[in-house]
Amino acid sequence: AYIALGEAYRHQGHWEATIQMLRGALQLAPDDADLHRVLGDTYLVHSEPLKAISAYQRAIQLAPDNPGLHARLGDAYQVQGDEDAAGQAYARSTQSPYGQAESLVRLGHLYADKGLVARAEQAYREALDLNPRLTIAHQGLAYLYRAQDRAAQAQDVFQRLVELDPHQSLWYTELRQLYVEQERPEAAVALYEKAIKRYPRENEFYLALGELYLSLAKAEGRSARQPWLEKSIAVLERAHNLDAHHRDIRSLLSQAYQAQGETQKAVLLLQTLVGDYPDLIGQHLLLGELYESQENWQDAIAVYERAIETDPTSAQPYLALANLYDRRGTWTKADALYRQALVRGDARAYPQANENDSQTSDTVDSLFDQPN
């Protein structure tokens with residue numbers, strides 16, 4: 001009961017209450033290894049590794065054959081920065097058949113962090129010999145190969161991870177990156193198309209495929225990009241239908257519409273996006289650019305001004321609004337805004353601020369301030 005209550009307190013973030021309760025329980029049962037273990041877990045989560053080490057060591061004295069305690073002690077040593085002691089604790093934890101595979105993975109992580117590639121690979125493979133479906137061992141091995149530029153071996157392991165845990169989007173992301181690096185976009189496309197067939201309501205896969213189609217469209221010449229754009233829009237519209245409030249889907253779909261020349265559709269999406277997420281300065285700037293492409297100067301000015309109000313420390317909205325005024329010949333306002341951008345660290349504003357010193361025109365300003 002004390003252990004369950006202590007873990008409940010810890011999960012709720014009540015550290016002091018957890019520690020006091022466990023210490024009180026240990027006065028009644030000082031030889032309870034599980035109580036010492038939970039106390040060690042609490043100290044470790046609370047970033048007190050030295051106290052965690054002491055608690056785990058006492059638990060090990062009481063239950064020396066428990067491999068999980070040695071593994072936890074290794075974790076505490078690693079947080080403390082004592083990698084040699086961590087390695088010794090992990091090695092002891094692998095001597096028991098219970099939890100041995102997980103302990104080997106911990107040992108593999110430690111070796112990988114120290115640059116001992118061969119020993120890390122051996123530890124991961126020994127873990128997989130014990131449990132061929134242990135995803136954390138596959139993951140450790142895949143990232144080890146990735147760091148060593150062993151792309152073909154990393155690809156094989158990530159493909160195995162997709163088979164073991166096909167719902168985990170991270171494996172697809174890693175495989176896509178490998179395929180892109182190998183200049184095999186068709187393999188990345190096939191990967192996500194298969195994922196969508198398997199999980200037709202998983203938006204992350206639609207988003208990734210739409211992004212991939214859009215990147216392929218941007219890489220093609222004007223005449224060859226149309227099929228990729230159409231596919232991107234179709235996939236992203238499907239995702240948008242599944243979740244009309246998804247921020248990233250709306251952002252990417254607006255980019256696809258813009259690339260397709262469907263400016264008004266892009267504008268409508270961005271309007272809902274900045275309405276729901278007013279702190280997204282980048283989306284304000286994109287919306288302003290679209291308004292400018294429509295020669296809708298007043299709305300462009302308004303959206304840039306809202307971006308400045310939202311984040312007055314950012315140079316980009318000042319620079320965007322200054323450029324608009326500059327192109328329209330409103331040099332007094334442009335100059336002031338360029339200087340504001342310069343104060344906020346955007347060096348691109350420096351030439352314009354100087355060039356406009358001799359171009360101030362209140363007459364032009366007043367003409368431009370008239371309704372469109």
# chains A, B, ... in the order shown; residues from 1 in each chain; ligands from 1

$ residues_around --residues "region 108-124 of chain A" --least-positions-apart "5" --cutoff "8 Å" --atoms "only C-alpha atoms" --output "PyMOL selection string"
chain A and resi 83+87+137-138+140-141+144

$ write_last_selection --atoms "C-alpha atoms" --output "mmCIF file, in the first residue's frame"
data_model
loop_
_atom_site.group_PDB
_atom_site.id
_atom_site.type_symbol
_atom_site.label_atom_id
_atom_site.label_comp_id
_atom_site.auth_asym_id
_atom_site.auth_seq_id
_atom_site.Cartn_x
_atom_site.Cartn_y
_atom_site.Cartn_z
ATOM 1 C CA GLU A 83 29.846 6.292 -16.752
ATOM 2 C CA GLY A 87 28.652 0.383 -17.003
ATOM 3 C CA ALA A 137 17.158 -2.655 -29.080
ATOM 4 C CA HIS A 138 16.331 -2.292 -32.771
ATOM 5 C CA GLY A 140 19.465 1.676 -30.595
ATOM 6 C CA LEU A 141 21.055 -0.409 -33.324
ATOM 7 C CA LEU A 144 24.116 3.470 -34.106
#

$ residues_around --residues "Gln177 (chain A)" --least-positions-apart "4" --cutoff "12 Å" --atoms "only C-alpha atoms" --output "JSON, numbers by chain"
{"A": [146, 151, 154, 155, 158, 170, 171, 172, 173, 181, 182, 183, 184, 185, 187, 188, 189, 191, 208, 212]}

$ residues_around --residues "Ala336 (chain A)" --least-positions-apart "4" --cutoff "9 Å" --atoms "only C-alpha atoms" --output "PyMOL selection string"
chain A and resi 322+331-332+340-341+353

$ closest_residue --among "A:Leu252, A:Ala259, A:Ala127, A:Val79" --to "Val45 (chain A)" --atoms "only C-alpha atoms"
A:Val79

$ residues_around --residues "Ala266 (chain A)" --least-positions-apart "4" --cutoff "10 Å" --atoms "only C-alpha atoms" --output "list in words"
Arg250, Ser251, Leu252, Leu253, Ser254, Gln255, Ala256, Tyr257, Gln258, Ala259, Gln260, Gly261, Glu262, Leu270, Gln271, Leu286, Leu287 and Leu290 of chain A

$ select_by_dssp --residues "region 54-99 of chain A" --states "helix (DSSP H, G or I)" --output "number ranges by chain"
A: 54-62, 67-80, 83-93

$ write_last_selection --atoms "C-alpha atoms" --output "mmCIF file, in the first residue's frame"
data_model
loop_
_atom_site.group_PDB
_atom_site.id
_atom_site.type_symbol
_atom_site.label_atom_id
_atom_site.label_comp_id
_atom_site.auth_asym_id
_atom_site.auth_seq_id
_atom_site.Cartn_x
_atom_site.Cartn_y
_atom_site.Cartn_z
ATOM 1 C CA SER A 54 22.218 5.523 -1.933
ATOM 2 C CA ALA A 55 18.629 4.234 -1.992
ATOM 3 C CA TYR A 56 19.324 1.765 -4.811
ATOM 4 C CA GLN A 57 22.480 0.490 -3.134
ATOM 5 C CA ARG A 58 20.496 -0.253 0.018
ATOM 6 C CA ALA A 59 17.828 -2.013 -2.055
ATOM 7 C CA ILE A 60 20.534 -4.125 -3.726
ATOM 8 C CA GLN A 61 21.960 -5.111 -0.332
ATOM 9 C CA LEU A 62 18.510 -6.415 0.552
ATOM 10 C CA PRO A 67 18.571 -7.253 -12.000
ATOM 11 C CA GLY A 68 16.186 -4.325 -12.211
ATOM 12 C CA LEU A 69 17.800 -2.724 -9.177
ATOM 13 C CA HIS A 70 21.258 -2.909 -10.767
ATOM 14 C CA ALA A 71 19.839 -1.359 -13.945
ATOM 15 C CA ARG A 72 18.275 1.474 -11.965
ATOM 16 C CA LEU A 73 21.556 2.015 -10.148
ATOM 17 C CA GLY A 74 23.255 2.262 -13.542
ATOM 18 C CA ASP A 75 20.731 4.903 -14.620
ATOM 19 C CA ALA A 76 21.452 6.917 -11.477
ATOM 20 C CA TYR A 77 25.194 6.712 -12.015
ATOM 21 C CA GLN A 78 24.735 7.828 -15.621
ATOM 22 C CA VAL A 79 22.699 10.860 -14.541
ATOM 23 C CA GLN A 80 25.435 11.600 -12.001
ATOM 24 C CA GLU A 83 29.846 6.292 -16.752
ATOM 25 C CA ASP A 84 32.293 3.661 -15.471
ATOM 26 C CA ALA A 85 30.139 2.900 -12.437
ATOM 27 C CA ALA A 86 27.051 2.919 -14.677
ATOM 28 C CA GLY A 87 28.652 0.383 -17.003
ATOM 29 C CA GLN A 88 29.531 -1.894 -14.104
ATOM 30 C CA ALA A 89 25.972 -1.722 -12.756
ATOM 31 C CA TYR A 90 24.486 -2.456 -16.174
ATOM 32 C CA ALA A 91 26.908 -5.365 -16.628
ATOM 33 C CA ARG A 92 25.776 -6.854 -13.304
ATOM 34 C CA SER A 93 22.146 -6.470 -14.328
#

$ atom_distance --atom1 "CA of Arg344 (chain A)" --atom2 "CA of Ala315 (chain A)"
5.1 Å

$ residues_around --residues "Ala307 (chain A)" --least-positions-apart "2" --cutoff "10 Å" --atoms "only C-alpha atoms" --output "JSON, numbers by chain"
{"A": [274, 278, 279, 280, 281, 282, 283, 284, 285, 288, 301, 302, 303, 304, 305, 309, 310, 311, 312, 314, 316, 317, 318, 321]}

$ atom_distance --atom1 "CA of Pro200 (chain A)" --atom2 "CA of Thr135 (chain A)"
24.0 Å

$ residues_around --residues "Gly40 (chain A)" --least-positions-apart "2" --cutoff "8 Å" --atoms "only C-alpha atoms" --output "list in words"
His36, Arg37, Val38, Thr42, Tyr43, Leu44, Lys51, Ala52, Ile53, Ser54, Ala55 and Tyr56 of chain A

$ write_last_selection --atoms "N, CA and C atoms" --output "compact mmCIF listing (two decimals), in the first residue's frame"
# COMPACT_ATOMS: atom_id res chain seq x y z
N HIS A 36 12.82 0.97 -0.70
CA HIS A 36 14.06 1.67 -1.05
C HIS A 36 14.11 1.94 -2.56
N ARG A 37 13.62 1.00 -3.35
CA ARG A 37 13.63 1.17 -4.81
C ARG A 37 12.72 2.34 -5.22
N VAL A 38 11.52 2.42 -4.65
CA VAL A 38 10.60 3.52 -5.00
C VAL A 38 11.18 4.85 -4.52
N THR A 42 12.09 8.03 -6.90
CA THR A 42 11.61 9.38 -6.64
C THR A 42 12.76 10.38 -6.66
N TYR A 43 13.85 10.02 -6.02
CA TYR A 43 15.02 10.91 -6.03
C TYR A 43 15.54 11.11 -7.45
N LEU A 44 15.56 10.03 -8.24
CA LEU A 44 16.11 10.12 -9.60
C LEU A 44 15.25 11.03 -10.47
N LYS A 51 21.32 10.81 -3.95
CA LYS A 51 20.39 10.19 -3.01
C LYS A 51 19.75 8.94 -3.62
N ALA A 52 19.51 8.99 -4.94
CA ALA A 52 18.96 7.81 -5.62
C ALA A 52 19.95 6.65 -5.56
N ILE A 53 21.23 6.95 -5.78
CA ILE A 53 22.26 5.91 -5.73
C ILE A 53 22.28 5.25 -4.36
N SER A 54 22.22 6.07 -3.30
CA SER A 54 22.22 5.52 -1.93
C SER A 54 21.02 4.60 -1.70
N ALA A 55 19.84 5.04 -2.18
CA ALA A 55 18.63 4.23 -1.99
C ALA A 55 18.71 2.92 -2.77
N TYR A 56 19.21 2.99 -4.01
CA TYR A 56 19.32 1.76 -4.81
C TYR A 56 20.36 0.81 -4.23

$ closest_residue --among "A:Asp82, A:Ile196, A:Ser215, A:Ala63" --to "Asp32 (chain A)" --atoms "only C-alpha atoms"
A:Ala63

$ closest_residue --among "A:Val267, A:Ile308, A:Ala195, A:Ala219" --to "Asn296 (chain A)" --atoms "only C-alpha atoms"
A:Val267

$ atom_distance --atom1 "CA of Tyr192 (chain A)" --atom2 "CA of Gln226 (chain A)"
20.1 Å

$ decode --residues "region 323-341 of chain A" --atoms "N, CA, C and O atoms" --output "PDB file, in the first residue's frame"
ATOM      1  N   ASN A 323       9.031  46.813 -46.354  1.00  0.00           N
ATOM      2  CA  ASN A 323       9.179  46.493 -47.777  1.00  0.00           C
ATOM      3  C   ASN A 323       7.925  46.857 -48.563  1.00  0.00           C
ATOM      4  O   ASN A 323       8.001  47.352 -49.697  1.00  0.00           O
ATOM      5  N   LEU A 324       6.764  46.594 -47.950  1.00  0.00           N
ATOM      6  CA  LEU A 324       5.508  46.941 -48.620  1.00  0.00           C
ATOM      7  C   LEU A 324       5.436  48.456 -48.842  1.00  0.00           C
ATOM      8  O   LEU A 324       5.148  48.928 -49.957  1.00  0.00           O
ATOM      9  N   TYR A 325       5.675  49.218 -47.773  1.00  0.00           N
ATOM     10  CA  TYR A 325       5.639  50.674 -47.913  1.00  0.00           C
ATOM     11  C   TYR A 325       6.696  51.157 -48.909  1.00  0.00           C
ATOM     12  O   TYR A 325       6.458  52.095 -49.675  1.00  0.00           O
ATOM     13  N   ASP A 326       7.856  50.535 -48.904  1.00  0.00           N
ATOM     14  CA  ASP A 326       8.936  50.925 -49.805  1.00  0.00           C
ATOM     15  C   ASP A 326       8.521  50.717 -51.256  1.00  0.00           C
ATOM     16  O   ASP A 326       8.710  51.588 -52.116  1.00  0.00           O
ATOM     17  N   ARG A 327       7.937  49.555 -51.539  1.00  0.00           N
ATOM     18  CA  ARG A 327       7.508  49.265 -52.915  1.00  0.00           C
ATOM     19  C   ARG A 327       6.397  50.205 -53.356  1.00  0.00           C
ATOM     20  O   ARG A 327       6.264  50.493 -54.545  1.00  0.00           O
ATOM     21  N   ARG A 328       5.611  50.682 -52.403  1.00  0.00           N
ATOM     22  CA  ARG A 328       4.508  51.569 -52.739  1.00  0.00           C
ATOM     23  C   ARG A 328       4.928  53.041 -52.710  1.00  0.00           C
ATOM     24  O   ARG A 328       4.122  53.918 -52.956  1.00  0.00           O
ATOM     25  N   GLY A 329       6.189  53.288 -52.397  1.00  0.00           N
ATOM     26  CA  GLY A 329       6.689  54.658 -52.423  1.00  0.00           C
ATOM     27  C   GLY A 329       6.411  55.451 -51.174  1.00  0.00           C
ATOM     28  O   GLY A 329       6.547  56.679 -51.159  1.00  0.00           O
ATOM     29  N   THR A 330       6.012  54.782 -50.092  1.00  0.00           N
ATOM     30  CA  THR A 330       5.731  55.475 -48.840  1.00  0.00           C
ATOM     31  C   THR A 330       6.991  55.450 -47.989  1.00  0.00           C
ATOM     32  O   THR A 330       7.116  54.705 -47.031  1.00  0.00           O
ATOM     33  N   TRP A 331       7.946  56.300 -48.331  1.00  0.00           N
ATOM     34  CA  TRP A 331       9.299  56.161 -47.812  1.00  0.00           C
ATOM     35  C   TRP A 331       9.447  56.578 -46.361  1.00  0.00           C
ATOM     36  O   TRP A 331      10.299  56.057 -45.640  1.00  0.00           O
ATOM     37  N   THR A 332       8.648  57.543 -45.911  1.00  0.00           N
ATOM     38  CA  THR A 332       8.756  57.954 -44.511  1.00  0.00           C
ATOM     39  C   THR A 332       8.429  56.787 -43.583  1.00  0.00           C
ATOM     40  O   THR A 332       9.181  56.480 -42.648  1.00  0.00           O
ATOM     41  N   LYS A 333       7.319  56.130 -43.831  1.00  0.00           N
ATOM     42  CA  LYS A 333       6.932  54.980 -43.008  1.00  0.00           C
ATOM     43  C   LYS A 333       7.910  53.824 -43.199  1.00  0.00           C
ATOM     44  O   LYS A 333       8.273  53.141 -42.234  1.00  0.00           O
ATOM     45  N   ALA A 334       8.331  53.602 -44.449  1.00  0.00           N
ATOM     46  CA  ALA A 334       9.272  52.512 -44.714  1.00  0.00           C
ATOM     47  C   ALA A 334      10.566  52.713 -43.931  1.00  0.00           C
ATOM     48  O   ALA A 334      11.093  51.784 -43.309  1.00  0.00           O
ATOM     49  N   ASP A 335      11.067  53.953 -43.963  1.00  0.00           N
ATOM     50  CA  ASP A 335      12.327  54.239 -43.284  1.00  0.00           C
ATOM     51  C   ASP A 335      12.224  53.971 -41.785  1.00  0.00           C
ATOM     52  O   ASP A 335      13.106  53.348 -41.184  1.00  0.00           O
ATOM     53  N   ALA A 336      11.138  54.417 -41.180  1.00  0.00           N
ATOM     54  CA  ALA A 336      10.961  54.214 -39.736  1.00  0.00           C
ATOM     55  C   ALA A 336      10.899  52.725 -39.394  1.00  0.00           C
ATOM     56  O   ALA A 336      11.473  52.272 -38.396  1.00  0.00           O
ATOM     57  N   LEU A 337      10.220  51.961 -40.253  1.00  0.00           N
ATOM     58  CA  LEU A 337      10.082  50.523 -39.999  1.00  0.00           C
ATOM     59  C   LEU A 337      11.395  49.787 -40.240  1.00  0.00           C
ATOM     60  O   LEU A 337      11.728  48.847 -39.510  1.00  0.00           O
ATOM     61  N   TYR A 338      12.142  50.205 -41.270  1.00  0.00           N
ATOM     62  CA  TYR A 338      13.457  49.592 -41.495  1.00  0.00           C
ATOM     63  C   TYR A 338      14.347  49.783 -40.277  1.00  0.00           C
ATOM     64  O   TYR A 338      15.077  48.878 -39.867  1.00  0.00           O
ATOM     65  N   ARG A 339      14.268  50.982 -39.702  1.00  0.00           N
ATOM     66  CA  ARG A 339      15.101  51.249 -38.530  1.00  0.00           C
ATOM     67  C   ARG A 339      14.650  50.409 -37.326  1.00  0.00           C
ATOM     68  O   ARG A 339      15.464  49.952 -36.532  1.00  0.00           O
ATOM     69  N   GLN A 340      13.348  50.183 -37.224  1.00  0.00           N
ATOM     70  CA  GLN A 340      12.849  49.318 -36.153  1.00  0.00           C
ATOM     71  C   GLN A 340      13.341  47.886 -36.347  1.00  0.00           C
ATOM     72  O   GLN A 340      13.718  47.194 -35.383  1.00  0.00           O
ATOM     73  N   ALA A 341      13.342  47.430 -37.609  1.00  0.00           N
ATOM     74  CA  ALA A 341      13.854  46.084 -37.893  1.00  0.00           C
ATOM     75  C   ALA A 341      15.335  45.996 -37.576  1.00  0.00           C
ATOM     76  O   ALA A 341      15.819  44.992 -37.042  1.00  0.00           O
TER      77      ALA A 341
END
